[in-house]
$ cat work01.cif   # mmCIF, C-alpha atoms, pLDDT in the B column; chains and numbers go by the auth columns
data_query
#
loop_
_atom_site.group_PDB
_atom_site.id
_atom_site.type_symbol
_atom_site.label_atom_id
_atom_site.label_comp_id
_atom_site.label_asym_id
_atom_site.label_seq_id
_atom_site.Cartn_x
_atom_site.Cartn_y
_atom_site.Cartn_z
_atom_site.B_iso_or_equiv
_atom_site.auth_seq_id
_atom_site.auth_asym_id
ATOM 1 C CA MET A 1 0.000 0.000 0.000 61.00 1 A
ATOM 2 C CA ASN A 2 1.495 3.300 -1.115 91.00 2 A
ATOM 3 C CA LEU A 3 -0.381 5.548 1.344 96.00 3 A
ATOM 4 C CA ILE A 4 0.561 9.219 1.600 98.00 4 A
ATOM 5 C CA ILE A 5 -0.825 11.386 4.389 98.00 5 A
ATOM 6 C CA ARG A 6 -0.593 15.035 3.382 98.00 6 A
ATOM 7 C CA PRO A 7 -2.323 18.350 4.009 98.00 7 A
ATOM 8 C CA SER A 8 -5.614 18.361 2.141 98.00 8 A
ATOM 9 C CA ARG A 9 -6.022 20.530 -0.937 98.00 9 A
ATOM 10 C CA ASP A 10 -9.013 22.292 -2.452 98.00 10 A
ATOM 11 C CA GLU A 11 -9.186 19.744 -5.249 98.00 11 A
ATOM 12 C CA ASP A 12 -9.629 16.930 -2.672 98.00 12 A
ATOM 13 C CA ALA A 13 -13.041 18.265 -1.625 98.00 13 A
ATOM 14 C CA PRO A 14 -15.174 16.224 -4.084 98.00 14 A
ATOM 15 C CA ALA A 15 -13.564 12.909 -3.070 98.00 15 A
ATOM 16 C CA MET A 16 -13.713 13.753 0.644 98.00 16 A
ATOM 17 C CA ALA A 17 -17.329 14.891 0.295 98.00 17 A
ATOM 18 C CA ALA A 18 -18.185 11.561 -1.350 98.00 18 A
ATOM 19 C CA ILE A 19 -16.588 9.626 1.541 98.00 19 A
ATOM 20 C CA TYR A 20 -18.502 11.730 4.048 98.00 20 A
ATOM 21 C CA GLY A 21 -21.728 11.468 2.047 98.00 21 A
ATOM 22 C CA THR A 22 -21.578 7.676 2.089 98.00 22 A
ATOM 23 C CA SER A 23 -21.078 7.775 5.850 97.00 23 A
ATOM 24 C CA VAL A 24 -23.996 10.173 6.363 98.00 24 A
ATOM 25 C CA ALA A 25 -26.278 7.976 4.240 97.00 25 A
ATOM 26 C CA ASN A 26 -25.335 4.637 5.799 96.00 26 A
ATOM 27 C CA GLU A 27 -23.664 5.078 9.181 96.00 27 A
ATOM 28 C CA THR A 28 -24.064 6.799 12.526 96.00 28 A
ATOM 29 C CA ALA A 29 -20.639 8.441 12.710 95.00 29 A
ATOM 30 C CA SER A 30 -22.339 11.716 11.785 95.00 30 A
ATOM 31 C CA TRP A 31 -25.846 12.544 12.859 97.00 31 A
ATOM 32 C CA GLU A 32 -26.586 14.629 9.809 97.00 32 A
ATOM 33 C CA TYR A 33 -29.479 13.209 7.825 98.00 33 A
ATOM 34 C CA ALA A 34 -28.504 14.599 4.419 98.00 34 A
ATOM 35 C CA ALA A 35 -24.970 14.838 3.091 98.00 35 A
ATOM 36 C CA PRO A 36 -23.746 18.335 2.305 98.00 36 A
ATOM 37 C CA SER A 37 -23.094 19.286 -1.302 98.00 37 A
ATOM 38 C CA VAL A 38 -19.492 19.417 -2.493 98.00 38 A
ATOM 39 C CA ILE A 39 -19.697 23.213 -2.296 98.00 39 A
ATOM 40 C CA GLU A 40 -20.892 23.095 1.325 98.00 40 A
ATOM 41 C CA PHE A 41 -18.290 20.457 2.214 98.00 41 A
ATOM 42 C CA ALA A 42 -15.565 22.640 0.688 98.00 42 A
ATOM 43 C CA ARG A 43 -16.868 25.657 2.622 98.00 43 A
ATOM 44 C CA ARG A 44 -16.702 23.702 5.889 98.00 44 A
ATOM 45 C CA ARG A 45 -13.154 22.565 5.128 98.00 45 A
ATOM 46 C CA THR A 46 -12.121 26.143 4.338 98.00 46 A
ATOM 47 C CA GLU A 47 -13.602 27.278 7.656 98.00 47 A
ATOM 48 C CA VAL A 48 -11.659 24.623 9.588 98.00 48 A
ATOM 49 C CA LEU A 49 -8.435 25.733 7.910 98.00 49 A
ATOM 50 C CA ALA A 50 -9.237 29.450 8.363 97.00 50 A
ATOM 51 C CA ASN A 51 -9.598 28.797 12.090 96.00 51 A
ATOM 52 C CA GLY A 52 -6.044 27.440 12.128 95.00 52 A
ATOM 53 C CA PHE A 53 -6.762 23.731 12.448 98.00 53 A
ATOM 54 C CA PRO A 54 -5.029 20.945 10.493 98.00 54 A
ATOM 55 C CA TYR A 55 -6.846 18.999 7.767 98.00 55 A
ATOM 56 C CA PHE A 56 -5.211 15.941 6.178 98.00 56 A
ATOM 57 C CA ALA A 57 -5.957 13.721 3.187 98.00 57 A
ATOM 58 C CA GLY A 58 -4.948 10.096 2.796 98.00 58 A
ATOM 59 C CA GLU A 59 -3.958 9.393 -0.789 98.00 59 A
ATOM 60 C CA GLN A 60 -3.169 6.037 -2.316 96.00 60 A
ATOM 61 C CA ASP A 61 -2.145 5.718 -5.961 94.00 61 A
ATOM 62 C CA GLY A 62 -3.604 9.156 -6.701 95.00 62 A
ATOM 63 C CA ARG A 63 -6.952 8.387 -5.050 97.00 63 A
ATOM 64 C CA ILE A 64 -8.267 9.984 -1.840 98.00 64 A
ATOM 65 C CA VAL A 65 -9.023 7.095 0.538 98.00 65 A
ATOM 66 C CA GLY A 66 -9.659 9.041 3.741 98.00 66 A
ATOM 67 C CA TYR A 67 -9.221 12.274 5.613 98.00 67 A
ATOM 68 C CA SER A 68 -8.838 13.647 9.118 98.00 68 A
ATOM 69 C CA TYR A 69 -9.076 17.052 10.697 98.00 69 A
ATOM 70 C CA ALA A 70 -9.208 18.805 14.035 98.00 70 A
ATOM 71 C CA SER A 71 -11.705 21.452 15.028 98.00 71 A
ATOM 72 C CA ALA A 72 -12.683 23.365 18.129 97.00 72 A
ATOM 73 C CA TYR A 73 -14.136 21.127 20.832 97.00 73 A
ATOM 74 C CA ARG A 74 -16.218 24.012 22.211 96.00 74 A
ATOM 75 C CA ALA A 75 -16.464 27.708 21.300 94.00 75 A
ATOM 76 C CA ARG A 76 -15.726 29.184 24.744 96.00 76 A
ATOM 77 C CA ILE A 77 -12.202 30.609 25.234 94.00 77 A
ATOM 78 C CA GLY A 78 -11.418 28.244 28.105 94.00 78 A
ATOM 79 C CA TYR A 79 -11.485 25.312 25.666 96.00 79 A
ATOM 80 C CA ARG A 80 -8.972 26.849 23.243 95.00 80 A
ATOM 81 C CA PHE A 81 -6.319 24.203 23.990 96.00 81 A
ATOM 82 C CA VAL A 82 -8.719 21.322 23.257 98.00 82 A
ATOM 83 C CA VAL A 83 -9.543 19.936 19.813 98.00 83 A
ATOM 84 C CA GLU A 84 -12.048 17.420 18.534 98.00 84 A
ATOM 85 C CA ASP A 85 -10.894 14.963 15.903 98.00 85 A
ATOM 86 C CA SER A 86 -12.744 13.648 12.861 98.00 86 A
ATOM 87 C CA VAL A 87 -11.566 10.708 10.761 98.00 87 A
ATOM 88 C CA TYR A 88 -13.319 9.215 7.745 98.00 88 A
ATOM 89 C CA VAL A 89 -12.110 6.382 5.498 98.00 89 A
ATOM 90 C CA LEU A 90 -13.486 5.079 2.217 97.00 90 A
ATOM 91 C CA ASN A 91 -15.661 2.048 3.061 94.00 91 A
ATOM 92 C CA GLU A 92 -13.746 -0.488 0.973 95.00 92 A
ATOM 93 C CA MET A 93 -10.449 0.673 2.523 95.00 93 A
ATOM 94 C CA LYS A 94 -11.456 0.294 6.173 95.00 94 A
ATOM 95 C CA GLY A 95 -9.457 -2.115 8.311 93.00 95 A
ATOM 96 C CA ARG A 96 -6.142 -1.446 6.512 95.00 96 A
ATOM 97 C CA GLY A 97 -4.604 0.980 9.004 96.00 97 A
ATOM 98 C CA ILE A 98 -5.499 4.116 7.040 97.00 98 A
ATOM 99 C CA GLY A 99 -7.603 5.571 9.842 97.00 99 A
ATOM 100 C CA LYS A 100 -4.809 5.021 12.346 98.00 100 A
ATOM 101 C CA LYS A 101 -2.237 6.738 10.128 98.00 101 A
ATOM 102 C CA LEU A 102 -4.599 9.659 9.541 98.00 102 A
ATOM 103 C CA LEU A 103 -5.355 10.000 13.258 98.00 103 A
ATOM 104 C CA MET A 104 -1.733 9.686 14.398 98.00 104 A
ATOM 105 C CA THR A 105 -0.667 12.309 11.848 98.00 105 A
ATOM 106 C CA LEU A 106 -3.414 14.583 13.149 98.00 106 A
ATOM 107 C CA ILE A 107 -2.349 13.981 16.765 98.00 107 A
ATOM 108 C CA ASP A 108 1.285 14.764 15.968 98.00 108 A
ATOM 109 C CA GLU A 109 0.328 18.004 14.206 98.00 109 A
ATOM 110 C CA CYS A 110 -1.954 19.100 17.045 98.00 110 A
ATOM 111 C CA VAL A 111 0.874 18.485 19.541 97.00 111 A
ATOM 112 C CA ARG A 112 3.206 20.528 17.330 96.00 112 A
ATOM 113 C CA ARG A 113 0.688 23.379 17.318 96.00 113 A
ATOM 114 C CA GLY A 114 0.423 23.409 21.110 95.00 114 A
ATOM 115 C CA TYR A 115 -2.954 21.798 21.730 97.00 115 A
ATOM 116 C CA ARG A 116 -3.168 19.859 25.006 97.00 116 A
ATOM 117 C CA GLN A 117 -6.197 17.569 24.772 98.00 117 A
ATOM 118 C CA MET A 118 -8.019 15.808 21.952 98.00 118 A
ATOM 119 C CA VAL A 119 -11.606 14.619 22.284 98.00 119 A
ATOM 120 C CA ALA A 120 -13.337 12.064 20.111 98.00 120 A
ATOM 121 C CA VAL A 121 -17.111 12.379 19.938 98.00 121 A
ATOM 122 C CA ILE A 122 -18.175 9.032 18.520 97.00 122 A
ATOM 123 C CA GLY A 123 -21.684 8.748 17.167 93.00 123 A
ATOM 124 C CA ASP A 124 -23.174 5.547 18.604 92.00 124 A
ATOM 125 C CA SER A 125 -21.743 3.053 21.042 95.00 125 A
ATOM 126 C CA THR A 126 -22.016 0.325 18.382 94.00 126 A
ATOM 127 C CA ASN A 127 -19.376 2.088 16.245 95.00 127 A
ATOM 128 C CA LEU A 128 -16.721 -0.363 17.389 95.00 128 A
ATOM 129 C CA GLY A 129 -14.352 0.447 14.532 95.00 129 A
ATOM 130 C CA SER A 130 -14.027 4.057 15.658 97.00 130 A
ATOM 131 C CA ILE A 131 -13.849 3.117 19.333 98.00 131 A
ATOM 132 C CA LYS A 132 -11.067 0.589 18.678 97.00 132 A
ATOM 133 C CA LEU A 133 -9.208 3.055 16.446 98.00 133 A
ATOM 134 C CA HIS A 134 -9.209 5.663 19.190 98.00 134 A
ATOM 135 C CA GLU A 135 -8.169 3.133 21.845 98.00 135 A
ATOM 136 C CA ALA A 136 -5.260 2.066 19.620 98.00 136 A
ATOM 137 C CA CYS A 137 -4.187 5.725 19.423 98.00 137 A
ATOM 138 C CA GLY A 138 -4.160 6.227 23.192 98.00 138 A
ATOM 139 C CA PHE A 139 -7.653 7.548 23.869 98.00 139 A
ATOM 140 C CA GLU A 140 -9.561 6.619 27.019 98.00 140 A
ATOM 141 C CA HIS A 141 -13.320 6.398 27.494 98.00 141 A
ATOM 142 C CA VAL A 142 -14.561 9.391 29.483 98.00 142 A
ATOM 143 C CA ALA A 143 -18.311 9.526 28.855 97.00 143 A
ATOM 144 C CA LEU A 144 -21.292 7.694 27.466 97.00 144 A
ATOM 145 C CA PHE A 145 -24.406 9.701 26.747 97.00 145 A
ATOM 146 C CA LYS A 146 -27.259 7.223 26.346 97.00 146 A
ATOM 147 C CA GLY A 147 -29.963 7.791 23.763 97.00 147 A
ATOM 148 C CA ILE A 148 -28.868 11.367 23.082 97.00 148 A
ATOM 149 C CA GLY A 149 -29.310 11.334 19.298 97.00 149 A
ATOM 150 C CA PHE A 150 -31.866 9.971 16.847 98.00 150 A
ATOM 151 C CA LYS A 151 -31.086 8.649 13.356 98.00 151 A
ATOM 152 C CA PHE A 152 -32.288 5.740 11.220 97.00 152 A
ATOM 153 C CA ASP A 153 -35.428 5.474 13.395 97.00 153 A
ATOM 154 C CA ARG A 154 -33.517 4.640 16.558 97.00 154 A
ATOM 155 C CA TRP A 155 -31.973 6.344 19.540 97.00 155 A
ATOM 156 C CA LEU A 156 -28.195 6.556 19.515 97.00 156 A
ATOM 157 C CA ASP A 157 -25.611 6.804 22.251 97.00 157 A
ATOM 158 C CA SER A 158 -22.636 9.130 22.051 97.00 158 A
ATOM 159 C CA VAL A 159 -19.271 7.877 23.253 98.00 159 A
ATOM 160 C CA GLN A 160 -16.694 10.445 24.250 98.00 160 A
ATOM 161 C CA MET A 161 -13.020 9.551 24.457 98.00 161 A
ATOM 162 C CA GLN A 162 -10.063 11.738 25.365 98.00 162 A
ATOM 163 C CA ARG A 163 -6.307 11.760 24.848 98.00 163 A
ATOM 164 C CA ALA A 164 -3.718 14.099 26.320 98.00 164 A
ATOM 165 C CA LEU A 165 -1.522 15.859 23.781 98.00 165 A
ATOM 166 C CA GLY A 166 2.065 16.717 24.622 96.00 166 A
ATOM 167 C CA GLU A 167 2.255 17.651 28.296 95.00 167 A
ATOM 168 C CA GLY A 168 -1.532 17.467 28.602 96.00 168 A
ATOM 169 C CA SER A 169 -2.761 19.190 31.749 95.00 169 A
ATOM 170 C CA SER A 170 0.490 18.717 33.690 95.00 170 A
ATOM 171 C CA THR A 171 1.855 22.199 32.861 94.00 171 A
ATOM 172 C CA PRO A 172 0.397 25.571 31.867 92.00 172 A
ATOM 173 C CA PRO A 173 -0.212 25.939 28.124 89.00 173 A
ATOM 174 C CA LYS A 174 1.763 28.062 25.744 80.00 174 A
ATOM 175 C CA LYS A 175 0.279 30.092 22.902 73.00 175 A
ATOM 176 C CA ILE A 176 -1.328 28.044 20.133 70.00 176 A
ATOM 177 C CA SER A 177 0.651 28.327 16.888 64.00 177 A
ATOM 178 C CA SER A 178 -2.305 29.048 14.635 56.00 178 A
ATOM 179 C CA VAL A 179 -4.535 31.921 13.672 43.00 179 A
ATOM 180 C CA ARG A 180 -6.954 31.305 16.550 47.00 180 A
#

$ encode --input "work01.cif" --output "structure tokens"
Amino acid sequence: MNLIIRPSRDEDAPAMAAIYGTSVANETASWEYAAPSVIEFARRRTEVLANGFPYFAGEQDGRIVGYSYASAYRARIGYRFVVEDSVYVLNEMKGRGIGKKLLMTLIDECVRRGYRQMVAVIGDSTNLGSIKLHEACGFEHVALFKGIGFKFDRWLDSVQMQRALGEGSSTPPKKISSVR
């Protein structure tokens, strides 16, 4: 497998939007009911980047097979050293280590930028692939919200997992090296 993890580019948006759209239509990772258009997906990506967060693409043999990005965990200033991760992989490529490489690259970049905690908000407690991925990357379970979302005519749990970045909460933070 010739997998390259690199910063995403504008021209990746259609392939990434297709990956996300398949997830929205068939899975509970996202609780959106309708996939955003490519234009809306590209706008969201641009917003993530404009806010100073990293956004990566996984490319294999010229094809986008997954992506990962960090975003603000919460809007309040006190959370500015905490990010939430998102990782999506093309369905037929799942189970090949792509998600782990995307997430570890994202973790490394967030450490480099000075973030101190990463939170995974996993849609549905039956999403064992995402839970196992996060465990393999050093995340711990911190919360389970039962029946907090509704999709596909059923109530869904939300699993929250957390991982310290760099020195975590053991020392005061330094300035974040981004535009935030």

$ residues_around --input "work01.cif" --residues "Ala34 of chain A" --least-positions-apart "3" --cutoff "8 Å" --atoms "all atoms listed in the file" --output "PyMOL selection string"
chain A and resi 21+24-25

$ write_last_selection --input "work01.cif" --atoms "C-alpha atoms" --output "PDB file, in the frame of the given file"
ATOM      1  CA  GLY A  21     -21.728  11.468   2.047  1.00 98.00           C
ATOM      2  CA  VAL A  24     -23.996  10.173   6.363  1.00 98.00           C
ATOM      3  CA  ALA A  25     -26.278   7.976   4.240  1.00 97.00           C
TER       4      ALA A  25
END

$ closest_atom_pairs --input "work01.cif" --of "segment 104-132 of chain A" --to "segment 46-67 of chain A" --cutoff "10 Å" --atoms "all atoms listed in the file" --output "JSON lines"
{"residue": "A:Thr105", "atom": "CA", "partner": "A:Phe56", "partner_atom": "CA", "distance": 8.1}
{"residue": "A:Leu106", "atom": "CA", "partner": "A:Pro54", "partner_atom": "CA", "distance": 7.1}
{"residue": "A:Ile107", "atom": "CA", "partner": "A:Pro54", "partner_atom": "CA", "distance": 9.7}
{"residue": "A:Glu109", "atom": "CA", "partner": "A:Pro54", "partner_atom": "CA", "distance": 7.2}
{"residue": "A:Cys110", "atom": "CA", "partner": "A:Pro54", "partner_atom": "CA", "distance": 7.5}
{"residue": "A:Arg113", "atom": "CA", "partner": "A:Phe53", "partner_atom": "CA", "distance": 8.9}

$ residues_near_point --input "work01.cif" --point "(-13.0, 24.2, 22.5)" --cutoff "12 Å" --atoms "only C-alpha atoms" --output "PyMOL selection string"
chain A and resi 51+53+70-85+115-119+180

$ closest_residue --input "work01.cif" --among "A:Ile4, A:Ile19, A:Leu128, A:Ala13" --to "Ile39 of chain A" --atoms "all atoms listed in the file"
A:Ala13

$ closest_residue --input "work01.cif" --among "A:Asp10, A:Tyr88, A:Gly123, A:Ala136" --to "Arg163 of chain A" --atoms "only C-alpha atoms"
A:Ala136

$ residues_around --input "work01.cif" --residues "Ser37 of chain A" --least-positions-apart "4" --cutoff "9 Å" --atoms "only C-alpha atoms" --output "count of residues only"
5

$ resolve_selection --input "work01.cif" --expression "the PyMOL selection byres ((chain A and resi 157) around 10)" --output "list in words"
Thr28, Ile122, Gly123, Asp124, Ser125, Thr126, Asn127, Leu144, Phe145, Lys146, Gly147, Ile148, Gly149, Phe150, Arg154, Trp155, Leu156, Ser158, Val159 and Gln160 of chain A

$ residues_near_point --input "work01.cif" --point "(-14.4, 6.4, 2.5)" --cutoff "8 Å" --atoms "all atoms listed in the file" --output "mmCIF file with C-alpha atoms, in the coordinates of the input"
data_model
loop_
_atom_site.group_PDB
_atom_site.id
_atom_site.type_symbol
_atom_site.label_atom_id
_atom_site.label_comp_id
_atom_site.auth_asym_id
_atom_site.auth_seq_id
_atom_site.Cartn_x
_atom_site.Cartn_y
_atom_site.Cartn_z
ATOM 1 C CA MET A 16 -13.713 13.753 0.644
ATOM 2 C CA ALA A 18 -18.185 11.561 -1.350
ATOM 3 C CA ILE A 19 -16.588 9.626 1.541
ATOM 4 C CA TYR A 20 -18.502 11.730 4.048
ATOM 5 C CA THR A 22 -21.578 7.676 2.089
ATOM 6 C CA SER A 23 -21.078 7.775 5.850
ATOM 7 C CA VAL A 65 -9.023 7.095 0.538
ATOM 8 C CA GLY A 66 -9.659 9.041 3.741
ATOM 9 C CA TYR A 88 -13.319 9.215 7.745
ATOM 10 C CA VAL A 89 -12.110 6.382 5.498
ATOM 11 C CA LEU A 90 -13.486 5.079 2.217
ATOM 12 C CA ASN A 91 -15.661 2.048 3.061
ATOM 13 C CA GLU A 92 -13.746 -0.488 0.973
ATOM 14 C CA MET A 93 -10.449 0.673 2.523
ATOM 15 C CA LYS A 94 -11.456 0.294 6.173
#

$ atom_distance --input "work01.cif" --atom1 "atom CA of Ser130 of chain A" --atom2 "atom CA of Ile176 of chain A"
27.5 Å

$ atom_distance --input "work01.cif" --atom1 "atom CA of Glu40 of chain A" --atom2 "atom CA of Asp12 of chain A"
13.4 Å

$ atom_distance --input "work01.cif" --atom1 "atom CA of His134 of chain A" --atom2 "atom CA of Tyr33 of chain A"
24.4 Å

$ closest_residue --input "work01.cif" --among "A:Gly97, A:Ala15, A:Gly129, A:Arg112" --to "Glu167 of chain A" --atoms "all atoms listed in the file"
A:Arg112

$ closest_residue --input "work01.cif" --among "A:Leu133, A:Ser170, A:Ser86, A:Glu32" --to "Lys100 of chain A" --atoms "only C-alpha atoms"
A:Leu133

$ axis_aligned_box --input "work01.cif" --around "segment 76-90 of chain A" --padding-each-side "5 Å" --output "lines of an AutoDock Vina configuration file"
center_x = -11.0
center_y = 17.8
center_z = 15.2
size_x = 19.4
size_y = 35.5
size_z = 35.9

$ build_atoms --input "work01.cif" --residues "segment 114-131 of chain A" --atoms "N, CA and C atoms" --output "PDB file, in the frame of the given file"
ATOM      1  N   GLY A 114       0.601  22.991  19.724  1.00 95.00           N
ATOM      2  CA  GLY A 114       0.423  23.409  21.110  1.00 95.00           C
ATOM      3  C   GLY A 114      -0.889  23.033  21.765  1.00 95.00           C
ATOM      4  N   TYR A 115      -1.716  22.245  21.099  1.00 97.00           N
ATOM      5  CA  TYR A 115      -2.954  21.798  21.730  1.00 97.00           C
ATOM      6  C   TYR A 115      -2.618  20.787  22.824  1.00 97.00           C
ATOM      7  N   ARG A 116      -3.469  20.678  23.836  1.00 97.00           N
ATOM      8  CA  ARG A 116      -3.168  19.859  25.006  1.00 97.00           C
ATOM      9  C   ARG A 116      -4.095  18.670  25.229  1.00 97.00           C
ATOM     10  N   GLN A 117      -5.265  18.688  24.632  1.00 98.00           N
ATOM     11  CA  GLN A 117      -6.197  17.569  24.772  1.00 98.00           C
ATOM     12  C   GLN A 117      -6.905  17.370  23.438  1.00 98.00           C
ATOM     13  N   MET A 118      -7.212  16.119  23.129  1.00 98.00           N
ATOM     14  CA  MET A 118      -8.019  15.808  21.952  1.00 98.00           C
ATOM     15  C   MET A 118      -9.197  14.967  22.421  1.00 98.00           C
ATOM     16  N   VAL A 119     -10.377  15.318  21.932  1.00 98.00           N
ATOM     17  CA  VAL A 119     -11.606  14.619  22.284  1.00 98.00           C
ATOM     18  C   VAL A 119     -12.188  13.986  21.032  1.00 98.00           C
ATOM     19  N   ALA A 120     -12.618  12.750  21.178  1.00 98.00           N
ATOM     20  CA  ALA A 120     -13.337  12.064  20.111  1.00 98.00           C
ATOM     21  C   ALA A 120     -14.795  11.979  20.538  1.00 98.00           C
ATOM     22  N   VAL A 121     -15.679  12.487  19.701  1.00 98.00           N
ATOM     23  CA  VAL A 121     -17.111  12.379  19.938  1.00 98.00           C
ATOM     24  C   VAL A 121     -17.620  11.363  18.930  1.00 98.00           C
ATOM     25  N   ILE A 122     -17.849  10.155  19.402  1.00 97.00           N
ATOM     26  CA  ILE A 122     -18.175   9.032  18.520  1.00 97.00           C
ATOM     27  C   ILE A 122     -19.683   8.817  18.507  1.00 97.00           C
ATOM     28  N   GLY A 123     -20.250   8.936  17.328  1.00 93.00           N
ATOM     29  CA  GLY A 123     -21.684   8.748  17.167  1.00 93.00           C
ATOM     30  C   GLY A 123     -22.037   7.276  17.240  1.00 93.00           C
ATOM     31  N   ASP A 124     -22.615   6.874  18.333  1.00 92.00           N
ATOM     32  CA  ASP A 124     -23.174   5.547  18.604  1.00 92.00           C
ATOM     33  C   ASP A 124     -22.161   4.593  19.236  1.00 92.00           C
ATOM     34  N   SER A 125     -22.596   3.989  20.298  1.00 95.00           N
ATOM     35  CA  SER A 125     -21.743   3.053  21.042  1.00 95.00           C
ATOM     36  C   SER A 125     -21.525   1.747  20.288  1.00 95.00           C
ATOM     37  N   THR A 126     -22.251   1.527  19.195  1.00 94.00           N
ATOM     38  CA  THR A 126     -22.016   0.325  18.382  1.00 94.00           C
ATOM     39  C   THR A 126     -20.960   0.557  17.305  1.00 94.00           C
ATOM     40  N   ASN A 127     -20.406   1.766  17.234  1.00 95.00           N
ATOM     41  CA  ASN A 127     -19.376   2.088  16.245  1.00 95.00           C
ATOM     42  C   ASN A 127     -18.025   1.581  16.762  1.00 95.00           C
ATOM     43  N   LEU A 128     -17.904   0.261  16.800  1.00 95.00           N
ATOM     44  CA  LEU A 128     -16.721  -0.363  17.389  1.00 95.00           C
ATOM     45  C   LEU A 128     -15.446  -0.067  16.619  1.00 95.00           C
ATOM     46  N   GLY A 129     -15.540   0.119  15.320  1.00 95.00           N
ATOM     47  CA  GLY A 129     -14.352   0.447  14.532  1.00 95.00           C
ATOM     48  C   GLY A 129     -13.724   1.747  15.005  1.00 95.00           C
ATOM     49  N   SER A 130     -14.538   2.771  15.198  1.00 97.00           N
ATOM     50  CA  SER A 130     -14.027   4.057  15.658  1.00 97.00           C
ATOM     51  C   SER A 130     -13.536   3.977  17.101  1.00 97.00           C
ATOM     52  N   ILE A 131     -14.266   3.269  17.931  1.00 98.00           N
ATOM     53  CA  ILE A 131     -13.849   3.117  19.333  1.00 98.00           C
ATOM     54  C   ILE A 131     -12.498   2.411  19.402  1.00 98.00           C
TER      55      ILE A 131
END
